[in-house]
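The file input_4.cif comes next; it holds mmCIF, C-alpha atoms.
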data_data
loop_
_atom_site.label_atom_id
_atom_site.label_comp_id
_atom_site.auth_asym_id
_atom_site.auth_seq_id
_atom_site.Cartn_x
_atom_site.Cartn_y
_atom_site.Cartn_z
CA MET A 180 -15.52 13.29 34.34
CA ARG A 181 -18.13 13.11 37.14
CA ASP A 182 -15.71 15.00 39.38
CA ILE A 183 -15.24 17.69 36.73
CA ALA A 184 -19.01 17.99 36.25
CA ALA A 185 -19.47 18.53 40.00
CA ALA A 186 -16.61 21.03 40.21
CA ALA A 187 -17.87 23.03 37.21
CA ASP A 188 -21.54 22.70 38.18
CA VAL A 189 -22.54 21.23 34.81
CA SER A 190 -23.81 17.90 33.55
CA GLN A 191 -21.44 15.06 32.72
CA SER A 192 -22.63 15.15 29.10
CA THR A 193 -21.55 18.80 28.89
CA VAL A 194 -18.11 17.82 30.17
CA SER A 195 -17.91 15.11 27.52
CA ARG A 196 -18.85 17.50 24.72
CA VAL A 197 -16.39 20.17 25.83
CA LEU A 198 -13.42 17.84 26.29
CA SER A 199 -14.05 15.85 23.11
CA GLY A 200 -14.25 19.03 21.05
CA VAL A 201 -17.18 17.77 18.98
CA GLU A 202 -19.68 20.20 17.47
CA THR A 203 -23.09 20.33 19.18
CA ARG A 204 -26.50 21.40 17.91
CA VAL A 205 -27.02 23.50 21.02
CA PRO A 206 -23.95 25.75 21.47
CA ILE A 207 -22.14 25.69 24.80
CA ALA A 208 -21.65 29.12 26.34
CA PRO A 209 -18.02 30.28 26.37
CA GLU A 210 -18.20 30.81 30.14
CA THR A 211 -19.41 27.23 30.66
CA ARG A 212 -16.73 25.86 28.35
CA GLU A 213 -14.00 27.77 30.22
CA ARG A 214 -15.33 26.56 33.58
CA VAL A 215 -15.13 22.94 32.43
CA ILE A 216 -11.61 23.37 31.04
CA GLN A 217 -10.34 25.02 34.22
CA ALA A 218 -11.89 22.29 36.37
CA SER A 219 -10.30 19.57 34.21
CA ARG A 220 -6.89 21.23 34.64
CA ARG A 221 -7.27 21.57 38.42
CA LEU A 222 -8.20 17.89 38.67
CA ALA A 223 -5.42 16.85 36.20
CA TYR A 224 -7.87 14.99 33.98
CA ARG A 225 -6.42 12.90 31.15
CA PRO A 226 -8.56 10.80 28.78
CA ASN A 227 -7.87 7.05 28.99
CA PRO A 228 -7.36 5.70 25.45
CA LEU A 229 -8.02 2.11 26.57
CA ALA A 230 -11.36 3.06 28.06
CA ARG A 231 -12.23 5.04 24.94
CA GLY A 232 -11.28 2.04 22.81
CA LEU A 233 -13.55 -0.26 24.83
CA ARG A 234 -16.43 2.16 24.25
CA GLY A 235 -15.76 2.16 20.54
CA ALA A 236 -14.66 5.78 20.46
CA SER A 237 -11.51 7.05 18.78
CA THR A 238 -8.41 6.53 20.92
CA ASN A 239 -6.29 9.03 18.96
CA LEU A 240 -3.55 6.40 18.90
CA ILE A 241 -1.70 5.04 15.86
CA GLY A 242 0.12 1.76 16.21
CA ALA A 243 3.50 1.56 14.47
CA VAL A 244 4.90 -1.94 13.86
CA VAL A 245 8.63 -1.51 13.21
CA ARG A 246 10.81 -4.22 11.68
CA ASP A 247 14.10 -3.13 13.21
CA PHE A 248 14.68 -0.42 15.83
CA SER A 249 18.46 -0.83 15.52
CA ASP A 250 18.54 0.39 11.89
CA PRO A 251 19.23 4.18 11.85
CA PHE A 252 16.94 4.50 8.84
CA PHE A 253 13.91 3.26 10.79
CA ALA A 254 14.88 5.37 13.80
CA GLU A 255 14.60 8.48 11.60
CA ALA A 256 11.38 7.18 10.02
CA ILE A 257 9.85 6.75 13.49
CA GLU A 258 10.79 10.31 14.40
CA ALA A 259 9.05 11.60 11.26
CA LEU A 260 6.04 9.37 11.92
CA VAL A 261 5.61 10.64 15.49
CA ALA A 262 5.87 14.29 14.39
CA GLU A 263 3.34 13.80 11.58
CA SER A 264 0.93 11.89 13.83
CA MET A 265 1.04 14.59 16.51
CA ALA A 266 0.29 17.22 13.87
CA HIS A 267 -2.98 15.30 13.27
CA GLY A 268 -3.75 15.04 16.99
CA TYR A 269 -2.57 11.44 17.38
CA ASN A 270 0.00 9.76 19.59
CA VAL A 271 1.99 6.69 18.52
CA VAL A 272 2.22 3.26 20.13
CA LEU A 273 5.47 1.61 19.02
CA GLY A 274 5.83 -2.12 18.54
CA HIS A 275 9.07 -3.91 17.67
CA VAL A 276 9.18 -7.14 15.69
CA HIS A 277 11.40 -9.61 17.53
CA PRO A 278 14.52 -10.36 15.46
CA ARG A 279 14.38 -14.14 16.00
CA LEU A 280 12.73 -15.57 12.91
CA ASP A 281 11.64 -18.90 14.39
CA GLU A 282 8.91 -17.43 16.58
CA ALA A 283 5.23 -17.04 15.71
CA ILE A 284 4.71 -13.43 16.76
CA PRO A 285 1.12 -12.27 17.25
CA LEU A 286 0.14 -8.64 16.88
CA THR A 287 -0.87 -8.46 20.56
CA SER A 288 2.73 -9.13 21.62
CA VAL A 289 4.10 -6.48 19.25
CA LEU A 290 1.76 -3.65 20.19
CA GLU A 291 1.08 -3.05 23.86
CA THR A 292 -2.59 -2.56 23.01
CA ARG A 293 -4.95 -3.35 20.16
CA HIS A 294 -6.90 -0.18 20.92
CA THR A 295 -5.48 1.94 18.12
CA ASP A 296 -7.32 3.79 15.38
CA ALA A 297 -4.89 2.63 12.67
CA ILE A 298 -1.67 0.68 12.22
CA VAL A 299 1.37 1.69 10.16
CA LEU A 300 3.75 -1.12 9.21
CA LEU A 301 7.38 -0.07 8.73
CA GLY A 302 9.43 -2.61 6.80
CA ASP A 303 8.93 -6.04 5.26
CA VAL A 304 7.73 -8.59 7.86
CA ARG A 305 7.08 -11.57 5.58
CA VAL A 306 9.23 -13.73 7.82
CA HIS A 307 6.61 -13.32 10.58
CA PRO A 308 3.50 -15.09 9.20
CA GLN A 309 1.47 -14.91 12.42
CA LEU A 310 1.94 -11.15 12.64
CA LEU A 311 0.91 -10.75 9.00
CA ALA A 312 -2.15 -12.94 9.55
CA ASP A 313 -3.25 -10.74 12.46
CA LEU A 314 -2.69 -7.59 10.41
CA ARG A 315 -4.87 -8.98 7.61
CA ILE A 316 -7.84 -9.42 9.94
CA SER A 317 -7.18 -6.28 11.97
CA ARG A 318 -10.31 -4.35 12.85
CA VAL A 319 -8.48 -1.10 12.12
CA PRO A 320 -6.95 0.05 8.80
CA VAL A 321 -3.35 -0.90 8.05
CA VAL A 322 -0.99 1.21 5.91
CA ALA A 323 2.37 -0.32 4.96
CA LEU A 324 5.67 1.40 4.21
CA TRP A 325 8.84 0.07 2.58
CA GLN A 326 7.53 -3.38 1.74
CA GLY A 327 10.07 -4.11 -0.98
CA THR A 328 8.88 -7.05 -3.04
CA SER A 329 6.28 -8.25 -0.52
CA PRO A 330 2.90 -9.24 -1.96
CA LEU A 331 0.66 -6.18 -2.10
CA GLU A 332 -1.84 -6.70 0.74
CA PHE A 333 -2.35 -3.21 2.19
CA PRO A 334 -2.32 0.39 0.97
CA THR A 335 1.44 0.89 0.59
CA ALA A 336 4.02 3.63 0.03
CA ASP A 337 7.58 3.02 -1.09
CA THR A 338 10.48 4.61 -2.92
CA ASP A 339 11.65 3.99 -6.47
CA ASP A 340 14.67 1.89 -5.49
CA ARG A 341 15.67 1.16 -9.07
CA ALA A 342 15.79 4.86 -9.95
CA GLY A 343 17.79 5.65 -6.81
CA ILE A 344 20.46 3.03 -7.55
CA ARG A 345 20.70 4.01 -11.23
CA ALA A 346 21.13 7.69 -10.29
CA GLY A 347 24.14 6.84 -8.13
CA LEU A 348 25.65 4.59 -10.81
CA GLU A 349 25.06 7.18 -13.55
CA HIS A 350 26.90 9.70 -11.39
CA LEU A 351 29.88 7.35 -11.00
CA ALA A 352 29.92 6.57 -14.73
CA SER A 353 29.79 10.29 -15.58
CA LEU A 354 32.94 10.76 -13.49
CA GLY A 355 34.69 8.14 -15.59
CA HIS A 356 34.39 5.05 -13.37
CA ARG A 357 34.14 1.70 -15.12
CA ARG A 358 35.20 -0.66 -12.34
CA ILE A 359 32.13 -0.22 -10.10
CA ALA A 360 31.39 -2.79 -7.39
CA PHE A 361 28.20 -3.19 -5.38
CA VAL A 362 27.58 -4.23 -1.76
CA ASN A 363 24.02 -5.39 -1.04
CA ALA A 364 22.46 -5.54 2.42
CA GLU A 365 21.03 -8.89 3.51
CA LEU A 366 17.53 -7.89 4.63
CA PRO A 367 14.50 -9.93 5.81
CA GLY A 368 12.42 -11.20 2.93
CA GLY A 369 15.38 -11.48 0.56
CA PHE A 370 15.05 -7.92 -0.78
CA ARG A 371 17.12 -7.75 -4.01
CA VAL A 372 15.63 -4.84 -5.99
CA ARG A 373 18.62 -2.53 -5.53
CA GLN A 374 21.07 -5.30 -6.40
CA ALA A 375 19.06 -6.16 -9.52
CA ALA A 376 19.19 -2.49 -10.58
CA TYR A 377 23.00 -2.58 -10.30
CA VAL A 378 23.30 -5.76 -12.36
CA GLU A 379 20.99 -4.31 -15.01
CA PHE A 380 22.99 -1.09 -15.22
CA MET A 381 26.34 -2.89 -15.49
CA ARG A 382 25.06 -5.13 -18.29
CA GLU A 383 23.59 -2.21 -20.24
CA ARG A 384 26.43 0.27 -19.84
CA LEU A 385 29.63 -1.58 -18.97
CA GLY A 386 29.30 -5.05 -20.45
CA GLY A 387 28.42 -6.90 -17.24
CA VAL A 388 29.53 -7.34 -13.65
CA PRO A 389 33.25 -8.16 -13.25
CA ASP A 390 34.08 -11.28 -11.25
CA GLY A 391 33.92 -10.66 -7.52
CA TYR A 392 32.38 -7.19 -7.83
CA LEU A 393 29.01 -8.13 -6.28
CA GLU A 394 29.06 -8.58 -2.51
CA SER A 395 26.33 -9.30 0.07
CA CYS A 396 26.67 -8.68 3.78
CA PRO A 397 24.63 -7.98 6.93
CA ASN A 398 23.16 -4.48 7.04
CA THR A 399 25.72 -3.30 9.61
CA LEU A 400 28.85 -1.18 9.79
CA ALA A 401 30.89 -4.34 10.26
CA GLY A 402 29.24 -5.90 7.22
CA GLY A 403 30.28 -3.00 5.00
CA ASP A 404 33.78 -3.02 6.47
CA ALA A 405 34.31 -6.73 5.72
CA ALA A 406 32.79 -6.51 2.23
CA VAL A 407 35.05 -3.71 0.99
CA ARG A 408 38.12 -5.47 2.36
CA ARG A 409 37.27 -8.42 0.12
CA LEU A 410 36.72 -6.11 -2.84
CA LEU A 411 39.99 -4.24 -2.39
CA ALA A 412 41.86 -7.55 -2.13
CA LEU A 413 40.82 -8.54 -5.69
CA PRO A 414 43.56 -8.67 -8.36
CA GLU A 415 41.76 -5.82 -10.14
CA PRO A 416 40.01 -3.89 -7.34
CA PRO A 417 37.15 -1.49 -8.09
CA SER A 418 37.64 2.26 -8.34
CA ALA A 419 34.13 2.86 -6.97
CA VAL A 420 31.70 1.07 -4.66
CA ALA A 421 27.94 1.57 -4.56
CA THR A 422 25.96 0.19 -1.62
CA SER A 423 22.29 -0.59 -1.05
CA THR A 424 22.20 1.27 2.31
CA ASP A 425 24.07 4.14 3.94
CA LEU A 426 24.81 1.96 6.97
CA ILE A 427 26.94 -0.33 4.80
CA ALA A 428 28.50 2.69 3.05
CA VAL A 429 29.72 4.11 6.38
CA GLY A 430 31.39 0.74 7.08
CA VAL A 431 33.00 0.94 3.64
CA LEU A 432 34.39 4.42 4.40
CA HIS A 433 35.84 3.18 7.69
CA ALA A 434 37.58 0.17 6.15
CA ALA A 435 38.89 2.17 3.19
CA HIS A 436 40.48 4.66 5.57
CA ASN A 437 42.13 1.89 7.60
CA LEU A 438 43.46 0.26 4.42
CA GLY A 439 44.87 3.51 3.05
CA ALA A 440 42.46 3.54 0.10
CA THR A 441 41.70 7.23 0.49
CA VAL A 442 38.13 8.30 -0.38
CA PRO A 443 37.51 9.73 -2.93
CA GLU A 444 41.05 9.91 -4.36
CA TRP A 445 41.46 6.14 -4.61
CA LEU A 446 37.94 4.89 -4.04
CA SER A 447 34.59 6.61 -4.65
CA VAL A 448 31.62 5.54 -2.49
CA VAL A 449 27.87 5.99 -3.03
CA GLY A 450 25.15 5.02 -0.54
CA PHE A 451 21.35 4.90 -0.44
CA ASP A 452 18.91 6.42 2.11
CA ASP A 453 20.66 9.64 3.25
CA ILE A 454 20.38 8.91 6.95
CA GLN A 455 21.41 11.81 9.18
CA LEU A 456 24.90 10.39 9.69
CA SER A 457 25.64 10.48 5.95
CA GLY A 458 26.19 14.21 5.83
CA HIS A 459 28.68 14.06 8.73
CA THR A 460 31.02 11.25 7.69
CA VAL A 461 34.57 12.05 6.57
CA PRO A 462 34.28 12.58 3.70
CA ALA A 463 30.56 13.35 3.57
CA LEU A 464 28.71 10.58 1.72
CA THR A 465 27.19 10.89 -1.74
CA THR A 466 23.86 9.06 -1.56
CA SER A 467 20.32 8.74 -2.92
CA ARG A 468 18.02 10.48 -0.47
CA MET A 469 14.99 8.54 0.66
CA PRO A 470 11.97 10.93 0.69
CA THR A 471 11.09 9.74 4.20
CA ALA A 472 9.10 12.79 5.31
CA ARG A 473 6.89 12.71 2.19
CA ILE A 474 6.32 8.96 2.46
CA VAL A 475 5.41 9.19 6.15
CA SER A 476 3.13 12.18 5.55
CA TYR A 477 1.28 10.25 2.85
CA ALA A 478 0.89 7.23 5.14
CA ILE A 479 -0.39 9.15 8.15
CA ASN A 480 -2.84 11.22 6.11
CA LEU A 481 -4.20 8.01 4.57
CA ALA A 482 -4.32 6.17 7.93
CA VAL A 483 -6.18 9.04 9.61
CA ARG A 484 -8.64 9.36 6.72
CA LEU A 485 -9.40 5.63 6.80
CA ALA A 486 -9.70 5.64 10.60
CA ARG A 487 -12.21 8.50 10.56
CA ASP A 488 -14.39 7.00 7.83
CA PRO A 489 -15.97 3.74 9.02
CA GLU A 490 -17.37 3.13 5.53
CA ALA A 491 -13.94 3.33 3.85
CA VAL A 492 -12.47 0.06 2.58
CA PRO A 493 -8.63 0.02 2.47
CA GLU A 494 -7.70 -1.22 -0.99
CA PRO A 495 -4.26 -2.71 -1.70
CA GLY A 496 -2.28 -0.34 -3.88
CA ILE A 497 1.10 1.35 -3.97
CA GLU A 498 2.27 4.97 -4.12
CA ILE A 499 5.85 5.37 -5.38
CA PHE A 500 8.08 8.30 -4.39
CA ALA A 501 11.22 9.28 -6.30
CA PRO A 502 14.56 9.64 -4.43
CA ASP A 503 17.03 12.48 -5.05
CA LEU A 504 20.77 12.02 -5.56
CA ILE A 505 22.72 14.09 -3.02
CA ILE A 506 26.28 14.63 -4.28
CA ARG A 507 28.83 15.19 -1.52
CA ASP A 508 32.57 14.58 -1.11
CA SER A 509 32.86 10.77 -1.32
CA THR A 510 32.90 10.66 -5.13
CA ALA A 511 35.47 11.94 -7.65
CA PRO A 512 36.97 10.87 -10.99
CA PRO A 513 39.17 7.76 -10.81
CA VAL A 514 42.96 8.14 -10.69
CA ARG A 515 45.55 6.14 -12.62
CA ARG A 516 47.06 3.39 -10.46
CA ARG A 517 50.30 1.49 -10.61
#

Any chance you could give the structure as structure tokens?
Amino acid sequence: MRDIAAAADVSQSTVSRVLSGVETRVPIAPETRERVIQASRRLAYRPNPLARGLRGASTNLIGAVVRDFSDPFFAEAIEALVAESMAHGYNVVLGHVHPRLDEAIPLTSVLETRHTDAIVLLGDVRVHPQLLADLRISRVPVVALWQGTSPLEFPTADTDDRAGIRAGLEHLASLGHRRIAFVNAELPGGFRVRQAAYVEFMRERLGGVPDGYLESCPNTLAGGDAAVRRLLALPEPPSAVATSTDLIAVGVLHAAHNLGATVPEWLSVVGFDDIQLSGHTVPALTTSRMPTARIVSYAINLAVRLARDPEAVPEPGIEIFAPDLIIRDSTAPPVRRR
């Protein structure tokens, strides 16, 4: 900044005011402003967020703590988060929670720097107590997304999982399906809301869950593949399978194809999330669409507002967003079987 001041023949404070974009009581002449900007470009000046953080100024960085980079759902959520942050003039520092659950992970090892204006937490991290403890005492506001049944400790946004599961099951029932199985993803924190919604629906509408119709598996393609093989090997196999994530549903489609249980003629499949892949499977997957863009927009707007108001106190609370059922080609009325 001293170099720019010398090159533009102005004071260093003028350079600071021009490059920070803050309003000043004494207006800066357009010619002076242009001279400073041109000098900064010639000298390839870039503000250092770490230095700004040490001075107590805004770093224009948002830290994103992500539970699982390998999950396609979170990959798409990160993309939406980066786009929304940039629209507010912020960049994103990504931090990945290590998958090994026996480690005490501090926040400093997850984010490459503590010098962020706010932190957005993506996914339930209850299995990492040290990380949660650091987030609780963080000097910057924390906004949490997709916390499932975690205790409410931060301003939070989530989807109505129960409504999303029931919408898919109502769709299957309206087609005439009665033998509906469910495959639940094994997620950190023991998340069971979507499974509980299935059990509730089956008890209310179809007299209960038939023996063997409730499966749990890792949230992977292979997990869905193995689960549906067990279901189709039952003496009375299901005519439809609902899953708690699209990732599992894609594994179900793959296994059903290999077993000759053609979808949707012999087996209807419903997912949850509507990841990008879901519209391009064969057949295209019927699923409850997670309102990811709206949830992320809410979180970033809240994080930026809290970051810019030093008097604001982040209060624990939750904003719920409703999913939409997207009907594609993986569901159809059941057929009579031998």

Between CA of Leu426 in chain A and CA of Gly403 in chain A, what is the distance, to one decimal in Å?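 Interatomic distance here is 7.6 Å.
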
Please write as a ChimeraX atom specification the full residue list that the PyMOL selection byres ((chain A and resi 448) around 6) yields on this file. /A:419-421,447,449,509-510

So, with only C-alpha atoms as the atoms that count, which of A:Cys396, A:Leu438, A:Tyr224, A:Ser423 lies closest to Arg408 in chain A?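 Of the candidates, the smallest distance to Arg408 in chain A is held by A:Leu438.
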
Given only C-alpha atoms as the counted atoms, nearest of A:Glu444, A:Glu365, A:Asp452, A:Asp188 to Gly347 in chain A: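 Ranking A:Glu444, A:Glu365, A:Asp452, A:Asp188 by distance to Gly347 in chain A, first place goes to A:Asp452.
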
Distance CA of Ser476 in chain A-CA of Ser264 in chain A, one decimal place?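 Interatomic distance here is 8.6 Å.
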
Translate the PyMOL selection byres ((chain A and resi 217) around 12), as applied to the file shown, into an explicit residue set as an NGL selection string. :A and (183-184 or 186-187 or 194 or 197-198 or 210-216 or 218-224)

Pick from A:Ala405, A:Tyr392, A:Ala208, A:Leu273 nearest to Phe253 in chain A, counting all atoms listed in the file: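 Going through A:Ala405, A:Tyr392, A:Ala208, A:Leu273 one by one, the smallest distance to Phe253 in chain A is for A:Leu273.
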
Would you work out the distance separating CA of Leu400 in chain A from CA of Gly430 in chain A, expressed in Å to one decimal?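 So the two atoms, CA of Leu400 in chain A and CA of Gly430 in chain A, lie 4.2 Å apart.
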
Between A:Asp182, A:Tyr269, A:Gln374, A:Ala262, which has the minimum distance to Ile344 in chain A (counting only C-alpha atoms)?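 Looking at the shortest contact to Ile344 in chain A, the residue is A:Gln374.
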
Under the PyMOL selection byres ((chain A and resi 331) around 7), which residues of this model are included? Write them out as a VMD selection string. chain A and resid 329 to 330 332 to 333 495 to 496

Nearest to Phe500 in chain A among A:Thr338, A:Thr422, A:Thr238, A:Ser457, with distances taken over all atoms listed in the file: which residue is it?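 Ranking A:Thr338, A:Thr422, A:Thr238, A:Ser457 by distance to Phe500 in chain A, first place goes to A:Thr338.
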
Scan for residues within 10 Å of the point (1.4, 5.3, 19.0) in the coordinates of the file, using all atoms listed in the file, and reply as a count of residues only. 24

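Distances from A:Leu348, A:Ala401, A:Ala482, A:Met469 to Ala501 in chain A were compared using all atoms listed in the file, and the smallest one belongs to A:Met469.
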
Name all residues at most 8 Å from Ile497 in chain A (count all atoms listed in the file; drop same-chain ones fewer than 3 positions away) and give them as an MDAnalysis selection string. chainID A and resid 331 334:337
